[in-house]
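Novice: Here's a structure for you.
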Amino acid sequence: NEGGLAGESAEIWNKCYKGIRQASIYLNNIDMNTEYTAEEIADNKAQAHFLKAYFYWIMLRLFGPVPIVPDQGIDYMEDYDAVAQPRNTYDECVDYIVAEFEEAAIHLEQERSTAYLGMATKGAALAARAKVLLYAASPLYNGNHDLFELKDEAGNPLINQNYDERKWARAAAAAEEVINTGWYELYT
């Protein structure tokens, strides 16, 4: 099994990377479509960026730092050793996920009709980004010395060992952006 995973963990890993691959293929080819309007293409691209970010976010929460595959995809017909990649650092994963959610938010609709219930919205992308940044600022991943042994093949820690107060500011700003949209309110 990939990465030494077994059972349900391997299934989640495989499904997430398959989803990322499908979203990347879609992004790399949708502009050839002549049937969609420019607005439909932009919305569909935004949904694909949202899905890529969300799949990586699932894996980051479950497995910690994961490999970020090239956006142009990899040749899955190659041997495992030819396509295997080392894990990226936690911060690199966060930055990639945040950038994907931000790209998605640019073109996602603010609201969807009930016919499109479950499709990503601008608010969902912004809120998910805020949550990713909140986790990154937390003591679990912001200077956690208990995770010092989690290293890449060169011996570099995959979890930043230095506490960074700016991560809290970044998380707060992202959460404030969602609050300031005025689209949502607390349920009472």
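By order of appearance in the structure tokens: chains A, B, ..., then residues from 1 within every chain, and ligands from 1 in the order shown.
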So which residues of chain A fall under alpha helix (DSSP H) by DSSP, listed as a ChimeraX atom specification?
Specialist: /A:7-29,38-63,80-83,90-107,122-137,166-180
Novice: Please identify every residue of range 57-144 of chain A that has at least one atom no farther than 6 Å from an atom of range 151-166 of chain A, counting only C-alpha atoms, and for each give the shortest atom pair and the distance in Å to one decimal, arranged by chain then increasing number, as CSV.
Specialist:
```
residue,atom,partner,partner_atom,distance
A:Thr89,CA,A:Leu158,CA,4.3
A:Tyr90,CA,A:Ile159,CA,5.5
A:Asn142,CA,A:Tyr163,CA,5.1
A:Gly143,CA,A:Gln161,CA,4.1
A:Asn144,CA,A:Gln161,CA,5.9
```
Novice: Residues as selected, N, CA and C atoms, written as a compact mmCIF listing (two decimals), in the first residue's frame, can you do that?
Specialist:
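Done, and the output landed in part.txt:
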```
# COMPACT_ATOMS: atom_id res chain seq x y z
N THR A 89 6.38 19.99 3.53
CA THR A 89 6.25 20.38 4.93
C THR A 89 4.79 20.75 5.22
N TYR A 90 4.44 20.79 6.49
CA TYR A 90 3.09 21.18 6.88
C TYR A 90 2.79 22.58 6.36
N ASN A 142 2.23 24.76 15.25
CA ASN A 142 2.95 26.02 15.31
C ASN A 142 4.00 25.94 16.42
N GLY A 143 5.14 25.36 16.08
CA GLY A 143 6.22 25.23 17.04
C GLY A 143 6.08 24.04 17.97
N ASN A 144 5.43 22.97 17.52
CA ASN A 144 5.23 21.78 18.35
C ASN A 144 6.50 20.92 18.34
```
Novice: What is the CA of Pro67 in chain A-CA of Leu150 in chain A distance in Å, reported with one decimal?
Specialist: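 CA of Leu150 in chain A lies at a distance of 14.0 Å from CA of Pro67 in chain A.
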Novice: Do you know which residues are at most 7 Å from Ala125 in chain A counting only C-alpha atoms, after dropping those on the same chain fewer than 4 positions away, and could you put them as a ChimeraX atom specification?
Specialist: /A:50,101,104-105,121,129
Novice: Please report, as a tab-separated table, each residue of range 86-133 of chain A lying at most 8 Å from range 33-48 of chain A, together with the nearest pair of atoms and the separation in Å rounded to one decimal; use only C-alpha atoms, and order rows by chain and ascending residue number.
Specialist:
```
residue	atom	partner	partner_atom	distance
A:Glu103	CA	A:Ala46	CA	6.8
A:Ala104	CA	A:Ala46	CA	4.1
A:Ala105	CA	A:Ala46	CA	7.0
A:Ile106	CA	A:Ala46	CA	7.5
A:His107	CA	A:Asp43	CA	5.6
A:Leu108	CA	A:Asp43	CA	5.6
A:Glu109	CA	A:Asp43	CA	7.4
A:Met119	CA	A:Gln47	CA	7.6
A:Ala120	CA	A:Gln47	CA	6.2
```
Novice: For the residues selected in the previous step, produce a file with all heavy atoms as a JSON list (two decimals), in the first residue's frame.
Specialist:
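Generated output (part-v9.json):
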```
[["chain", "number", "residue", "atom", "x", "y", "z"],
["A", 103, "GLU", "N", -8.09, 30.90, -4.83],
["A", 103, "GLU", "CA", -8.37, 30.87, -6.27],
["A", 103, "GLU", "C", -9.83, 30.49, -6.50],
["A", 103, "GLU", "O", -10.50, 31.08, -7.35],
["A", 103, "GLU", "CB", -7.43, 29.88, -6.97],
["A", 103, "GLU", "CG", -7.64, 29.75, -8.45],
["A", 103, "GLU", "CD", -7.28, 31.00, -9.23],
["A", 103, "GLU", "OE1", -6.46, 31.80, -8.77],
["A", 103, "GLU", "OE2", -7.86, 31.19, -10.33],
["A", 104, "ALA", "N", -10.32, 29.52, -5.76],
["A", 104, "ALA", "CA", -11.71, 29.10, -5.90],
["A", 104, "ALA", "C", -12.67, 30.24, -5.55],
["A", 104, "ALA", "O", -13.65, 30.48, -6.26],
["A", 104, "ALA", "CB", -11.98, 27.90, -5.00],
["A", 105, "ALA", "N", -12.38, 30.95, -4.48],
["A", 105, "ALA", "CA", -13.28, 32.00, -3.99],
["A", 105, "ALA", "C", -13.45, 33.13, -5.00],
["A", 105, "ALA", "O", -14.50, 33.78, -5.01],
["A", 105, "ALA", "CB", -12.78, 32.55, -2.65],
["A", 106, "ILE", "N", -12.46, 33.34, -5.84],
["A", 106, "ILE", "CA", -12.55, 34.44, -6.82],
["A", 106, "ILE", "C", -13.76, 34.28, -7.72],
["A", 106, "ILE", "O", -14.48, 35.24, -8.01],
["A", 106, "ILE", "CB", -11.26, 34.52, -7.66],
["A", 106, "ILE", "CG1", -10.09, 34.97, -6.78],
["A", 106, "ILE", "CG2", -11.44, 35.46, -8.85],
["A", 106, "ILE", "CD1", -8.73, 34.84, -7.45],
["A", 107, "HIS", "N", -14.04, 33.05, -8.18],
["A", 107, "HIS", "CA", -15.09, 32.84, -9.18],
["A", 107, "HIS", "C", -16.30, 32.05, -8.68],
["A", 107, "HIS", "O", -17.26, 31.88, -9.44],
["A", 107, "HIS", "CB", -14.50, 32.15, -10.42],
["A", 107, "HIS", "CG", -13.50, 32.99, -11.13],
["A", 107, "HIS", "ND1", -13.84, 34.10, -11.86],
["A", 107, "HIS", "CD2", -12.15, 32.89, -11.21],
["A", 107, "HIS", "CE1", -12.75, 34.65, -12.37],
["A", 107, "HIS", "NE2", -11.71, 33.94, -11.98],
["A", 108, "LEU", "N", -16.25, 31.56, -7.45],
["A", 108, "LEU", "CA", -17.42, 30.83, -6.95],
["A", 108, "LEU", "C", -18.57, 31.78, -6.68],
["A", 108, "LEU", "O", -18.36, 32.95, -6.33],
["A", 108, "LEU", "CB", -17.07, 30.07, -5.67],
["A", 108, "LEU", "CG", -16.27, 28.80, -5.84],
["A", 108, "LEU", "CD1", -15.83, 28.26, -4.49],
["A", 108, "LEU", "CD2", -17.05, 27.75, -6.59],
["A", 109, "GLU", "N", -19.78, 31.29, -6.84],
["A", 109, "GLU", "CA", -20.96, 32.08, -6.57],
["A", 109, "GLU", "C", -21.15, 32.25, -5.07],
["A", 109, "GLU", "O", -20.75, 31.38, -4.29],
["A", 109, "GLU", "CB", -22.18, 31.40, -7.19],
["A", 109, "GLU", "CG", -22.11, 31.30, -8.71],
["A", 109, "GLU", "CD", -23.30, 30.58, -9.32],
["A", 109, "GLU", "OE1", -24.36, 30.54, -8.66],
["A", 109, "GLU", "OE2", -23.15, 30.08, -10.43],
["A", 119, "MET", "N", -22.90, 22.18, -3.82],
["A", 119, "MET", "CA", -21.77, 22.70, -4.61],
["A", 119, "MET", "C", -21.11, 23.83, -3.82],
["A", 119, "MET", "O", -21.77, 24.55, -3.07],
["A", 119, "MET", "CB", -22.24, 23.20, -5.96],
["A", 119, "MET", "CG", -22.72, 22.11, -6.87],
["A", 119, "MET", "SD", -23.26, 22.82, -8.43],
["A", 119, "MET", "CE", -22.23, 21.93, -9.55],
["A", 120, "ALA", "N", -19.85, 23.98, -4.01],
["A", 120, "ALA", "CA", -19.07, 24.97, -3.28],
["A", 120, "ALA", "C", -19.55, 26.39, -3.58],
["A", 120, "ALA", "O", -19.95, 26.69, -4.70],
["A", 120, "ALA", "CB", -17.60, 24.84, -3.62]]
```
Novice: Excluding same-chain residues fewer than 3 positions from range 16-22 of chain A, what lies within 9 Å of it counting only C-alpha atoms, as a VMD selection string?
Specialist: chain A and resid 11 to 13 25 to 27 48 51 to 56 58 to 59 69 71 to 74
Novice: Can you work out the spacing between CA of Gly64 in chain A and CA of Ala99 in chain A in Å, to one decimal?
Specialist: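 Interatomic distance here is 18.2 Å.
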